[in-house]
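Take a look at the structure below.
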Amino acid sequence: MATGTHTVVVPVDVQAVWDYVSDLEKWATTVPAYKEHKIINDKQSIWTFEGSVKGIKKTIQAQVDVTEWNEPSNIKFELKGLSDNFTGSGHFTAEDVNGETIMTCTVEVRAGGLSGAVLTPIIKWAVPKVASRLTESIARKIAVFS
């Protein structure tokens with residue numbers, strides 16, 4: 001299993017952070033390696049990522065199911081690979097501290113099946129970077145739009 005967690009202080013109140021992160025359309029394109037997404041319903045979407053690792057180009061599709069929406073401080077989700085055998089989960093938390101918000105993003109991914117041995121080193125390398133870049137990108141966008 002690979003885990004990535006990143007925390008950032010956003011110079012706005014927690015409600016402004018919630019208003020941004022609770023609208024998937026606002027931040028979907030900030031996910032590293034993002035190619036496209038399709039909203040199935042208010043709790044389910046299909047995401048497509050495209051990237052290259054060590055010269056090998058790969059397209060990955062994942063189903064993202066939101067399992068909790070707790071305004072204004074917590075969103076939890078589960079991941080299921082549609083193109084590759086992996087599962088995962090993650091969450092965003094937002095905590096108000098003196099008018100600013102401490103926002104944390106955590107993502108966990110587990111590779112399974114026969115391809116797990118090949119995917120695990122890539123996932124262990126990529127997941128922490130994805131969590132960091134996503135959190136930083138969302139924080140920058142919130143600061144601009146607020």
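If you're wondering about the labels, chains in the structure tokens are A, B, ... by order shown, residues count from 1 in each chain, ligands from 1 in order shown.
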DSSP on the backbone, then: every residue of stretch 23-91 of chain A marked alpha helix (DSSP H), written as a PDB file with all heavy atoms, in the first residue's frame.
ATOM      1  N   LEU A  24     -16.759  19.446  -7.313  1.00  0.00           N
ATOM      2  CA  LEU A  24     -15.766  18.695  -8.072  1.00  0.00           C
ATOM      3  C   LEU A  24     -15.336  19.398  -9.349  1.00  0.00           C
ATOM      4  O   LEU A  24     -14.161  19.374  -9.717  1.00  0.00           O
ATOM      5  CB  LEU A  24     -16.345  17.317  -8.406  1.00  0.00           C
ATOM      6  CG  LEU A  24     -15.480  16.363  -9.190  1.00  0.00           C
ATOM      7  CD1 LEU A  24     -14.285  15.934  -8.366  1.00  0.00           C
ATOM      8  CD2 LEU A  24     -16.293  15.163  -9.619  1.00  0.00           C
ATOM      9  N   GLU A  25     -16.256  20.052 -10.013  1.00  0.00           N
ATOM     10  CA  GLU A  25     -15.936  20.717 -11.282  1.00  0.00           C
ATOM     11  C   GLU A  25     -14.895  21.825 -11.113  1.00  0.00           C
ATOM     12  O   GLU A  25     -14.180  22.157 -12.048  1.00  0.00           O
ATOM     13  CB  GLU A  25     -17.200  21.293 -11.922  1.00  0.00           C
ATOM     14  CG  GLU A  25     -18.228  20.256 -12.305  1.00  0.00           C
ATOM     15  CD  GLU A  25     -17.748  19.269 -13.375  1.00  0.00           C
ATOM     16  OE1 GLU A  25     -16.863  19.613 -14.180  1.00  0.00           O
ATOM     17  OE2 GLU A  25     -18.263  18.147 -13.391  1.00  0.00           O
ATOM     18  N   LYS A  26     -14.800  22.402  -9.917  1.00  0.00           N
ATOM     19  CA  LYS A  26     -13.852  23.490  -9.694  1.00  0.00           C
ATOM     20  C   LYS A  26     -12.412  23.015  -9.638  1.00  0.00           C
ATOM     21  O   LYS A  26     -11.505  23.736 -10.013  1.00  0.00           O
ATOM     22  CB  LYS A  26     -14.190  24.246  -8.402  1.00  0.00           C
ATOM     23  CG  LYS A  26     -15.431  25.094  -8.520  1.00  0.00           C
ATOM     24  CD  LYS A  26     -15.656  25.875  -7.247  1.00  0.00           C
ATOM     25  CE  LYS A  26     -16.890  26.751  -7.365  1.00  0.00           C
ATOM     26  NZ  LYS A  26     -17.198  27.413  -6.093  1.00  0.00           N
ATOM     27  N   TRP A  27     -12.186  21.811  -9.128  1.00  0.00           N
ATOM     28  CA  TRP A  27     -10.801  21.406  -8.907  1.00  0.00           C
ATOM     29  C   TRP A  27     -10.376  20.121  -9.619  1.00  0.00           C
ATOM     30  O   TRP A  27      -9.209  19.729  -9.540  1.00  0.00           O
ATOM     31  CB  TRP A  27     -10.497  21.294  -7.420  1.00  0.00           C
ATOM     32  CG  TRP A  27     -11.330  20.302  -6.667  1.00  0.00           C
ATOM     33  CD1 TRP A  27     -12.494  20.548  -6.016  1.00  0.00           C
ATOM     34  CD2 TRP A  27     -11.066  18.912  -6.484  1.00  0.00           C
ATOM     35  NE1 TRP A  27     -12.973  19.395  -5.440  1.00  0.00           N
ATOM     36  CE2 TRP A  27     -12.105  18.375  -5.712  1.00  0.00           C
ATOM     37  CE3 TRP A  27     -10.036  18.067  -6.891  1.00  0.00           C
ATOM     38  CZ2 TRP A  27     -12.167  17.040  -5.344  1.00  0.00           C
ATOM     39  CZ3 TRP A  27     -10.098  16.727  -6.527  1.00  0.00           C
ATOM     40  CH2 TRP A  27     -11.151  16.235  -5.762  1.00  0.00           C
TER      41      TRP A  27
END
For A:Gly51, work out the shell of residues within 12 Å, counting only C-alpha atoms and skipping chain neighbours fewer than 5 positions away, then give it as a PyMOL selection string. chain A and resi 31-35+56-61+122+126+130
request  = Excluding A:Asn41 and any residue of its chain fewer than 6 positions from it, enumerate the residues within 12 Å of it, using only C-alpha atoms, and give them as a list in words.
outcome  = Leu24, Gln63, Val64, Asp65 and Val66 of chain A
Stretch 2-53 of chain A near stretch 78-86 of chain A within 12 Å: what's each residue's closest atom pair and its distance in Å to one decimal, counting only C-alpha atoms, ordered by chain then ascending residue number, as JSON lines?
{"residue": "A:Ala2", "atom": "CA", "partner": "A:Phe86", "partner_atom": "CA", "distance": 11.1}
{"residue": "A:Lys43", "atom": "CA", "partner": "A:Glu78", "partner_atom": "CA", "distance": 10.5}
{"residue": "A:Gln44", "atom": "CA", "partner": "A:Glu78", "partner_atom": "CA", "distance": 9.7}
{"residue": "A:Ser45", "atom": "CA", "partner": "A:Leu79", "partner_atom": "CA", "distance": 10.0}
{"residue": "A:Ile46", "atom": "CA", "partner": "A:Leu82", "partner_atom": "CA", "distance": 8.8}
{"residue": "A:Trp47", "atom": "CA", "partner": "A:Leu82", "partner_atom": "CA", "distance": 9.5}
{"residue": "A:Thr48", "atom": "CA", "partner": "A:Ser83", "partner_atom": "CA", "distance": 9.4}
{"residue": "A:Phe49", "atom": "CA", "partner": "A:Ser83", "partner_atom": "CA", "distance": 10.5}
{"residue": "A:Glu50", "atom": "CA", "partner": "A:Ser83", "partner_atom": "CA", "distance": 11.7}
Practice task
Enumerate the residues of stretch 52-138 of chain A with a DSSP assignment of strand (DSSP E), computed from the backbone, and present them as number ranges by chain.
Solution key: A: 52-53, 56-70, 74-81, 86-97, 100-111
The selected residues should be written to file as an mmCIF file, in the first residue's frame (atoms: C-alpha atoms).
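Output below, filename selection34.cif:
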data_model
loop_
_atom_site.group_PDB
_atom_site.id
_atom_site.type_symbol
_atom_site.label_atom_id
_atom_site.label_comp_id
_atom_site.auth_asym_id
_atom_site.auth_seq_id
_atom_site.Cartn_x
_atom_site.Cartn_y
_atom_site.Cartn_z
ATOM 1 C CA SER A 52 4.401 8.401 -18.232
ATOM 2 C CA VAL A 53 6.774 6.676 -15.855
ATOM 3 C CA ILE A 56 6.170 4.121 -20.478
ATOM 4 C CA LYS A 57 2.939 5.980 -21.278
ATOM 5 C CA LYS A 58 -0.086 4.730 -19.360
ATOM 6 C CA THR A 59 -3.768 5.639 -19.208
ATOM 7 C CA ILE A 60 -5.590 4.725 -16.012
ATOM 8 C CA GLN A 61 -9.299 4.886 -15.247
ATOM 9 C CA ALA A 62 -10.674 4.902 -11.733
ATOM 10 C CA GLN A 63 -14.119 5.038 -10.218
ATOM 11 C CA VAL A 64 -14.341 7.529 -7.366
ATOM 12 C CA ASP A 65 -17.159 7.060 -4.845
ATOM 13 C CA VAL A 66 -17.731 9.777 -2.258
ATOM 14 C CA THR A 67 -18.611 8.023 0.998
ATOM 15 C CA GLU A 68 -18.988 11.059 3.292
ATOM 16 C CA TRP A 69 -19.782 14.765 2.860
ATOM 17 C CA ASN A 70 -19.552 16.509 6.219
ATOM 18 C CA ASN A 74 -14.572 16.472 5.744
ATOM 19 C CA ILE A 75 -14.923 14.586 2.465
ATOM 20 C CA LYS A 76 -14.097 10.879 2.247
ATOM 21 C CA PHE A 77 -13.900 8.800 -0.901
ATOM 22 C CA GLU A 78 -13.010 5.338 -2.181
ATOM 23 C CA LEU A 79 -11.155 4.470 -5.387
ATOM 24 C CA LYS A 80 -11.514 1.426 -7.619
ATOM 25 C CA GLY A 81 -9.340 0.818 -10.660
ATOM 26 C CA PHE A 86 -6.102 -1.307 -7.586
ATOM 27 C CA THR A 87 -8.247 0.060 -4.790
ATOM 28 C CA GLY A 88 -7.838 2.949 -2.461
ATOM 29 C CA SER A 89 -9.371 5.639 -0.356
ATOM 30 C CA GLY A 90 -8.763 9.168 0.707
ATOM 31 C CA HIS A 91 -10.098 12.218 2.431
ATOM 32 C CA PHE A 92 -9.939 15.985 2.621
ATOM 33 C CA THR A 93 -10.175 17.666 5.978
ATOM 34 C CA ALA A 94 -10.426 21.347 6.725
ATOM 35 C CA GLU A 95 -9.970 22.901 10.166
ATOM 36 C CA ASP A 96 -10.551 26.562 11.000
ATOM 37 C CA VAL A 97 -7.673 28.148 12.917
ATOM 38 C CA GLU A 100 -7.410 30.514 8.199
ATOM 39 C CA THR A 101 -7.904 26.880 7.250
ATOM 40 C CA ILE A 102 -5.597 23.939 7.728
ATOM 41 C CA MET A 103 -6.422 21.657 4.804
ATOM 42 C CA THR A 104 -5.135 18.091 4.600
ATOM 43 C CA CYS A 105 -5.429 15.610 1.763
ATOM 44 C CA THR A 106 -4.677 11.925 2.283
ATOM 45 C CA VAL A 107 -4.709 9.270 -0.443
ATOM 46 C CA GLU A 108 -4.046 5.542 -0.042
ATOM 47 C CA VAL A 109 -3.738 3.126 -2.964
ATOM 48 C CA ARG A 110 -3.253 -0.642 -2.981
ATOM 49 C CA ALA A 111 -2.328 -2.603 -6.102
#
Selection near A:Tyr20, 9 Å with only C-alpha atoms, sequence-local residues under 5 positions removed, as a list in words
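Listing them by chain and then by number gives Gln15, Lys26, Trp27, Ile138, Lys141, Ile142 and Phe145 of chain A.
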I'd like the neighbourhood of A:Pro11 as a VMD selection string, where a residue qualifies if any of its atoms comes within 10 Å (using only C-alpha atoms), though same-chain residues fewer than 2 positions away should be ignored.
chain A and resid 8 to 9 13 to 14 16 to 17 97 to 102 139 to 140 142 to 143 146
Based on the selection just made, write N, CA, C and O atoms of those residues as a PDB file, in the first residue's frame.
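So result18.pdb came out as:
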ATOM      1  N   VAL A   8      -1.643  21.923   4.187  1.00  0.00           N
ATOM      2  CA  VAL A   8      -1.313  23.283   3.801  1.00  0.00           C
ATOM      3  C   VAL A   8      -2.244  24.238   4.552  1.00  0.00           C
ATOM      4  O   VAL A   8      -3.373  23.877   4.885  1.00  0.00           O
ATOM      5  N   VAL A   9      -1.748  25.436   4.834  1.00  0.00           N
ATOM      6  CA  VAL A   9      -2.575  26.477   5.438  1.00  0.00           C
ATOM      7  C   VAL A   9      -3.102  27.363   4.313  1.00  0.00           C
ATOM      8  O   VAL A   9      -2.320  27.877   3.511  1.00  0.00           O
ATOM      9  N   ASP A  13     -11.304  31.450   5.310  1.00  0.00           N
ATOM     10  CA  ASP A  13     -12.045  30.691   6.319  1.00  0.00           C
ATOM     11  C   ASP A  13     -12.458  29.324   5.782  1.00  0.00           C
ATOM     12  O   ASP A  13     -12.450  29.070   4.580  1.00  0.00           O
ATOM     13  N   VAL A  14     -12.823  28.450   6.700  1.00  0.00           N
ATOM     14  CA  VAL A  14     -13.123  27.064   6.358  1.00  0.00           C
ATOM     15  C   VAL A  14     -14.314  26.955   5.394  1.00  0.00           C
ATOM     16  O   VAL A  14     -14.348  26.057   4.551  1.00  0.00           O
ATOM     17  N   ALA A  16     -15.046  28.959   2.904  1.00  0.00           N
ATOM     18  CA  ALA A  16     -14.548  29.223   1.546  1.00  0.00           C
ATOM     19  C   ALA A  16     -13.837  27.988   0.986  1.00  0.00           C
ATOM     20  O   ALA A  16     -13.972  27.671  -0.200  1.00  0.00           O
ATOM     21  N   VAL A  17     -13.106  27.278   1.836  1.00  0.00           N
ATOM     22  CA  VAL A  17     -12.452  26.042   1.404  1.00  0.00           C
ATOM     23  C   VAL A  17     -13.519  25.009   1.045  1.00  0.00           C
ATOM     24  O   VAL A  17     -13.458  24.368  -0.002  1.00  0.00           O
ATOM     25  N   VAL A  97      -8.599  27.703  11.885  1.00  0.00           N
ATOM     26  CA  VAL A  97      -7.673  28.148  12.917  1.00  0.00           C
ATOM     27  C   VAL A  97      -7.470  29.645  12.731  1.00  0.00           C
ATOM     28  O   VAL A  97      -6.791  30.084  11.796  1.00  0.00           O
ATOM     29  N   ASN A  98      -8.115  30.446  13.600  1.00  0.00           N
ATOM     30  CA  ASN A  98      -7.973  31.903  13.577  1.00  0.00           C
ATOM     31  C   ASN A  98      -8.267  32.516  12.209  1.00  0.00           C
ATOM     32  O   ASN A  98      -7.519  33.357  11.712  1.00  0.00           O
ATOM     33  N   GLY A  99      -9.347  32.074  11.572  1.00  0.00           N
ATOM     34  CA  GLY A  99      -9.754  32.650  10.296  1.00  0.00           C
ATOM     35  C   GLY A  99      -9.048  32.086   9.076  1.00  0.00           C
ATOM     36  O   GLY A  99      -9.363  32.442   7.945  1.00  0.00           O
ATOM     37  N   GLU A 100      -8.066  31.220   9.298  1.00  0.00           N
ATOM     38  CA  GLU A 100      -7.410  30.514   8.199  1.00  0.00           C
ATOM     39  C   GLU A 100      -7.835  29.046   8.285  1.00  0.00           C
ATOM     40  O   GLU A 100      -8.442  28.625   9.263  1.00  0.00           O
ATOM     41  N   THR A 101      -7.495  28.280   7.263  1.00  0.00           N
ATOM     42  CA  THR A 101      -7.904  26.880   7.250  1.00  0.00           C
ATOM     43  C   THR A 101      -6.698  25.980   7.055  1.00  0.00           C
ATOM     44  O   THR A 101      -5.887  26.199   6.153  1.00  0.00           O
ATOM     45  N   ILE A 102      -6.598  24.982   7.907  1.00  0.00           N
ATOM     46  CA  ILE A 102      -5.597  23.939   7.728  1.00  0.00           C
ATOM     47  C   ILE A 102      -6.287  22.835   6.928  1.00  0.00           C
ATOM     48  O   ILE A 102      -7.246  22.221   7.398  1.00  0.00           O
ATOM     49  N   ALA A 139      -5.113  24.638  -2.902  1.00  0.00           N
ATOM     50  CA  ALA A 139      -4.893  25.797  -2.025  1.00  0.00           C
ATOM     51  C   ALA A 139      -4.645  27.059  -2.836  1.00  0.00           C
ATOM     52  O   ALA A 139      -5.194  28.126  -2.522  1.00  0.00           O
ATOM     53  N   ARG A 140      -3.840  26.954  -3.899  1.00  0.00           N
ATOM     54  CA  ARG A 140      -3.572  28.132  -4.741  1.00  0.00           C
ATOM     55  C   ARG A 140      -4.855  28.622  -5.414  1.00  0.00           C
ATOM     56  O   ARG A 140      -5.126  29.811  -5.492  1.00  0.00           O
ATOM     57  N   ILE A 142      -7.987  28.168  -4.441  1.00  0.00           N
ATOM     58  CA  ILE A 142      -8.888  28.739  -3.429  1.00  0.00           C
ATOM     59  C   ILE A 142      -8.456  30.168  -3.123  1.00  0.00           C
ATOM     60  O   ILE A 142      -9.279  31.083  -3.040  1.00  0.00           O
ATOM     61  N   ALA A 143      -7.155  30.378  -2.932  1.00  0.00           N
ATOM     62  CA  ALA A 143      -6.642  31.718  -2.621  1.00  0.00           C
ATOM     63  C   ALA A 143      -6.975  32.712  -3.743  1.00  0.00           C
ATOM     64  O   ALA A 143      -7.299  33.868  -3.474  1.00  0.00           O
ATOM     65  N   SER A 146     -11.060  33.226  -3.850  1.00  0.00           N
ATOM     66  CA  SER A 146     -11.730  33.741  -2.637  1.00  0.00           C
ATOM     67  C   SER A 146     -11.483  35.207  -2.438  1.00  0.00           C
ATOM     68  O   SER A 146     -10.581  35.802  -2.902  1.00  0.00           O
TER      69      SER A 146
END
* atom CA of A:Arg133 to atom CA of A:Glu36: how many Å, to one decimal? ->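 These two atoms are separated by 17.4 Å.
Relative to atom CA of A:Val10, atom CA of A:Leu134 is found at 13.5 Å.
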| task | Using only C-alpha atoms, find the one residue out of A:Leu119, A:Val144, A:Ala28, A:Leu114 that sits nearest to A:Val12. | result |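 Among the listed residues, the smallest separation from A:Val12 belongs to A:Val144.
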A:Lys129 proximity check over A:Val21, A:His6, A:Lys38, A:Met1, using only C-alpha atoms: winner is A:His6
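Here atom CA of A:Ser132 and atom CA of A:Asp23 stand 19.7 Å from one another.
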